[in-house]
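I have placed the structure first, in the form of structure tokens, so that the comments after it can refer back to it.
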Amino acid sequence: MGGLTMFLKQLTVGSMAVFCYLIGCEETGAALVIDPAGGADRILNEAARAGLRIEYIFNSHGHADHTCGNQAIKDRSGARIVMHAADDDLFNSDQGRQMARQWGFKPSPPADIRITGEDPFRLGNLTFKVLHTPGHTPGGVCLLADGNLFTGDTLFVGSVGRTDLPGASLAVMLQSLKRLMTTLPDETVVWPGHDYGDRPSSTIGREKKTNVYVVEFGLLDDSPAR
């Protein structure tokens with residue numbers, strides 16, 4: 001799936017139907033985990049079965065439902081946590097850690113690698129394009145590799161993440177969504193951050209036609225989004 005050198009496994013973990021992704025370079029055995037929201041045993045067992053060593057924990061954003069498994073995976077694999085600096089600052093503040101506990105989740109340790117731009121991210125022989133897509137959070141990012149787009153809560157199947165939480169903005173979210181819709185090929189596979197849609201994955205082409213935010217806000221019209 002996703003090319004000869006990429007291992008890709010979608011796992012539903014945690015209490016909020018979070019999609020976690022185990023991605024590995026089959027040539028080198030290096031792997032990363034996107035959003036380990038629980039199920040550390042399962043994630044680590046999947047990696048072991050595939051002959052992969054987890055080197056990075058990549059958070060699409062800083063909300064605790066996506067980061068609550070960071071500590072367990074880090075402790076047991078030695079992986080380094082990767083997060084956009086804006087979310088690392090927000091969610092490792094006193095307010096952010098308190099919010100995690102209020103939601104019933106364990107706060108994540110601070111990031112080991114802080115993203116500040118859109119420099120490519122390498123995993124073994126794989127190269128990921130990092131897309132900064134704020135809106136759900138200030139430091140939300142998507143990862144793109146070999147026609148696969150891992151969108152976190154920026155883009156769901158048929159919808160998008162909430163914009164009524166601290167650091168969120170509907171206007172900014174629509175800008176990020178429009179960027180994805182207008183710059184990526186229709187055949188790009190969308191791997192969302194939650195199992196909230198009518199299927200576990202989609203494509204950019206399908207989302208252009210069916211995503212309620214793309215359609216209702218006229219993001220593909222010639223006129224600016226409303």
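In the structure tokens, each chain is lettered A, B, ... as it comes, each chain's residues begin at 1, and ligands are numbered from 1 in order of appearance.
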Check your understanding: Can you list, as a list in words, every protein, DNA or RNA residue that comes within 12 Å of Gln102 (chain A) when you count only C-alpha atoms, leaving out same-chain residues fewer than 4 positions away?
Key -> His63, Ala64, Asp65, Gln95, Gly96, Arg97, Gln98, Lys106 and Pro107 of chain A
**Study point:** Counting only C-alpha atoms, the option among A:Pro109, A:Gly193, A:Gly69, A:Gly124 closest to Val141 (chain A)
**Key:** A:Gly193
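Using only C-alpha atoms, the shortest contact distance between Ser201 (chain A) and any of A:Tyr213, A:Phe19, A:Phe7, A:Trp103 is found at A:Phe19.
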Practice item. From a DSSP calculation on the backbone, collect every residue of region 160-221 of chain A in strand (DSSP E) and output the set as a PyMOL selection string. Key: chain A and resi 189-192+202-203
Write the selection just made, keeping C-alpha atoms, as a short mmCIF file (atom, residue, chain, number, x, y, z; two decimals), in the first residue's frame?
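Writing done, so here's result_1.cif:
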```cif
data_model
loop_
_atom_site.label_atom_id
_atom_site.label_comp_id
_atom_site.auth_asym_id
_atom_site.auth_seq_id
_atom_site.Cartn_x
_atom_site.Cartn_y
_atom_site.Cartn_z
CA VAL A 189 -5.43 9.40 -0.80
CA VAL A 190 -6.76 11.12 2.34
CA TRP A 191 -6.03 9.38 5.64
CA PRO A 192 -7.98 11.28 8.34
CA SER A 202 -11.03 9.11 0.89
CA THR A 203 -9.38 11.05 -1.92
#
```
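Using only C-alpha atoms, the protein and nucleic acid residues lying no more than 10 Å from region 178-180 of chain A, apart from those fewer than 2 places from it along its own chain, are Leu131, Thr133, Cys142, Leu149, Thr151, Thr154, Leu155, Val172, Met173, Leu174, Gln175, Ser176, Thr182, Thr183, Leu184, Pro185, Ile204, Lys208, Tyr213, Val214, Phe217, Gly218, Leu219, Leu220 and Ala225 of chain A.
Those residues that approach Leu165 (chain A) to within 12 Å, counting only C-alpha atoms, are His63, Gly96, Met99, Gly135, His136, Thr137, Pro138, Gly161, Arg162, Thr163, Gly167, Ala168, Ser169 and Leu170 of chain A; same-chain residues fewer than 2 positions away are not listed.
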Check your understanding: With only C-alpha atoms as the basis for distance, which of A:Gly14, A:Gly104, A:Gly51, A:Gly140 is at the shortest distance from Ala30 (chain A)?
Key ->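 Nearest to Ala30 (chain A): A:Gly51.
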Check your understanding: So, counting only C-alpha atoms, which residue among A:Ile43, A:Ala100, A:Val82, A:Ala111 is closest to Ile23 (chain A)?
Key ->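 Ranked by minimum distance to Ile23 (chain A), first place goes to A:Ile43.
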**Study point:** Nearest to Arg199 (chain A) by atom-to-atom distance, counting only C-alpha atoms, from A:Ala47, A:Arg80, A:His61, A:Gly158
**Key:** A:Gly158
Review point. How many Å lie between CA of Leu11 (chain A) and CA of Arg42 (chain A), rounded to one decimal?
Key: 8.9 Å
Exercise for review: Give me every alpha helix (DSSP H) residue in region 93-219 of chain A, going by DSSP on the backbone, as a count of residues only.
Suggested key: 35
Within 7 Å of Asn211 (chain A) using only C-alpha atoms, minus same-chain residues under 4 positions, as a tab-separated table (two decimals) with C-alpha atoms, in the first residue's frame:
```
chain	number	residue	atom	x	y	z
A	158	GLY	CA	-16.78	14.56	4.58
A	159	SER	CA	-15.94	17.17	7.20
A	207	GLU	CA	-13.68	15.45	-0.91
A	215	VAL	CA	-19.23	22.59	-0.91
```
Which residues come within 12 Å of Lys74 (chain A), counting only C-alpha atoms, excluding same-chain residues fewer than 6 positions away, as a PDB file with N, CA and C atoms, in the first residue's frame?
```
ATOM      1  N   LEU A  32       7.691   5.529  11.789  1.00  0.00           N
ATOM      2  CA  LEU A  32       7.120   6.575  12.619  1.00  0.00           C
ATOM      3  C   LEU A  32       5.672   6.227  12.912  1.00  0.00           C
ATOM      4  N   VAL A  33       5.176   6.773  14.005  1.00  0.00           N
ATOM      5  CA  VAL A  33       3.781   6.616  14.401  1.00  0.00           C
ATOM      6  C   VAL A  33       3.142   7.992  14.399  1.00  0.00           C
ATOM      7  N   PRO A  36      -0.315   8.539  18.261  1.00  0.00           N
ATOM      8  CA  PRO A  36      -0.607   7.377  19.101  1.00  0.00           C
ATOM      9  C   PRO A  36      -1.536   7.763  20.253  1.00  0.00           C
ATOM     10  N   ALA A  40      -0.745   1.344  23.091  1.00  0.00           N
ATOM     11  CA  ALA A  40       0.701   1.237  22.887  1.00  0.00           C
ATOM     12  C   ALA A  40       1.125  -0.195  22.595  1.00  0.00           C
ATOM     13  N   ILE A  43       0.291  -1.032  18.968  1.00  0.00           N
ATOM     14  CA  ILE A  43       1.151  -0.316  18.024  1.00  0.00           C
ATOM     15  C   ILE A  43       2.542  -0.950  17.986  1.00  0.00           C
ATOM     16  N   LEU A  44       3.094  -1.204  19.152  1.00  0.00           N
ATOM     17  CA  LEU A  44       4.435  -1.781  19.224  1.00  0.00           C
ATOM     18  C   LEU A  44       4.466  -3.203  18.671  1.00  0.00           C
ATOM     19  N   ARG A  53      11.362  -0.556  13.431  1.00  0.00           N
ATOM     20  CA  ARG A  53      11.750   0.103  14.671  1.00  0.00           C
ATOM     21  C   ARG A  53      11.201   1.533  14.642  1.00  0.00           C
ATOM     22  N   ILE A  54      10.461   1.880  15.656  1.00  0.00           N
ATOM     23  CA  ILE A  54       9.817   3.192  15.707  1.00  0.00           C
ATOM     24  C   ILE A  54      10.834   4.237  16.151  1.00  0.00           C
ATOM     25  N   GLU A  55      11.126   5.175  15.261  1.00  0.00           N
ATOM     26  CA  GLU A  55      12.116   6.209  15.546  1.00  0.00           C
ATOM     27  C   GLU A  55      11.474   7.552  15.874  1.00  0.00           C
ATOM     28  N   TYR A  56      10.254   7.782  15.380  1.00  0.00           N
ATOM     29  CA  TYR A  56       9.594   9.071  15.579  1.00  0.00           C
ATOM     30  C   TYR A  56       8.130   8.875  15.946  1.00  0.00           C
ATOM     31  N   ILE A  57       7.640   9.771  16.792  1.00  0.00           N
ATOM     32  CA  ILE A  57       6.210   9.942  17.057  1.00  0.00           C
ATOM     33  C   ILE A  57       5.839  11.281  16.453  1.00  0.00           C
ATOM     34  N   PHE A  58       5.036  11.257  15.408  1.00  0.00           N
ATOM     35  CA  PHE A  58       4.703  12.481  14.678  1.00  0.00           C
ATOM     36  C   PHE A  58       3.265  12.861  15.012  1.00  0.00           C
ATOM     37  N   THR A  67      -2.371  12.810  21.386  1.00  0.00           N
ATOM     38  CA  THR A  67      -1.007  12.752  21.929  1.00  0.00           C
ATOM     39  C   THR A  67      -0.891  11.967  23.227  1.00  0.00           C
ATOM     40  N   CYS A  68      -2.014  11.447  23.736  1.00  0.00           N
ATOM     41  CA  CYS A  68      -1.999  10.833  25.070  1.00  0.00           C
ATOM     42  C   CYS A  68      -1.158   9.569  25.132  1.00  0.00           C
ATOM     43  N   ARG A  80      11.522   9.766  19.178  1.00  0.00           N
ATOM     44  CA  ARG A  80      11.480  11.198  19.433  1.00  0.00           C
ATOM     45  C   ARG A  80      10.143  11.778  18.977  1.00  0.00           C
ATOM     46  N   ILE A  81       9.604  12.678  19.777  1.00  0.00           N
ATOM     47  CA  ILE A  81       8.312  13.306  19.486  1.00  0.00           C
ATOM     48  C   ILE A  81       8.526  14.501  18.562  1.00  0.00           C
ATOM     49  N   VAL A  82       7.734  14.554  17.493  1.00  0.00           N
ATOM     50  CA  VAL A  82       7.806  15.622  16.507  1.00  0.00           C
ATOM     51  C   VAL A  82       6.468  16.358  16.509  1.00  0.00           C
ATOM     52  N   SER A 108       1.120  15.108  26.975  1.00  0.00           N
ATOM     53  CA  SER A 108       2.323  14.627  26.294  1.00  0.00           C
ATOM     54  C   SER A 108       3.562  15.318  26.848  1.00  0.00           C
ATOM     55  N   PRO A 109       4.698  14.642  26.818  1.00  0.00           N
ATOM     56  CA  PRO A 109       5.955  15.354  27.090  1.00  0.00           C
ATOM     57  C   PRO A 109       6.193  16.407  26.009  1.00  0.00           C
ATOM     58  N   PRO A 110       7.056  17.357  26.251  1.00  0.00           N
ATOM     59  CA  PRO A 110       7.396  18.333  25.211  1.00  0.00           C
ATOM     60  C   PRO A 110       7.996  17.642  23.989  1.00  0.00           C
ATOM     61  N   ALA A 111       7.866  18.287  22.845  1.00  0.00           N
ATOM     62  CA  ALA A 111       8.416  17.732  21.610  1.00  0.00           C
ATOM     63  C   ALA A 111       9.941  17.708  21.654  1.00  0.00           C
ATOM     64  N   ASP A 112      10.511  16.675  21.073  1.00  0.00           N
ATOM     65  CA  ASP A 112      11.961  16.594  20.904  1.00  0.00           C
ATOM     66  C   ASP A 112      12.411  17.325  19.646  1.00  0.00           C
TER      67      ASP A 112
END
```
Polymer residues at most 10 Å from Thr12 (chain A), only C-alpha atoms, same-chain spacing of 5 or more positions, as a short mmCIF file (atom, residue, chain, number, x, y, z; two decimals) with C-alpha atoms, in the first residue's frame:
```
data_model
loop_
_atom_site.label_atom_id
_atom_site.label_comp_id
_atom_site.auth_asym_id
_atom_site.auth_seq_id
_atom_site.Cartn_x
_atom_site.Cartn_y
_atom_site.Cartn_z
CA ALA A 17 -12.08 6.71 17.33
CA VAL A 18 -8.68 8.24 16.58
CA PHE A 19 -6.88 6.90 13.54
CA CYS A 20 -3.23 6.21 14.34
CA TYR A 21 -0.84 5.40 11.50
CA PRO A 36 -0.61 7.38 19.10
CA ALA A 37 -3.82 7.99 21.02
CA GLY A 38 -3.53 4.84 23.12
CA GLY A 39 -3.06 1.16 22.38
CA GLY A 193 -7.41 11.66 12.06
CA HIS A 194 -10.72 10.12 13.19
CA ASP A 195 -13.08 7.40 12.01
CA PRO A 200 -11.90 5.04 6.68
#
```
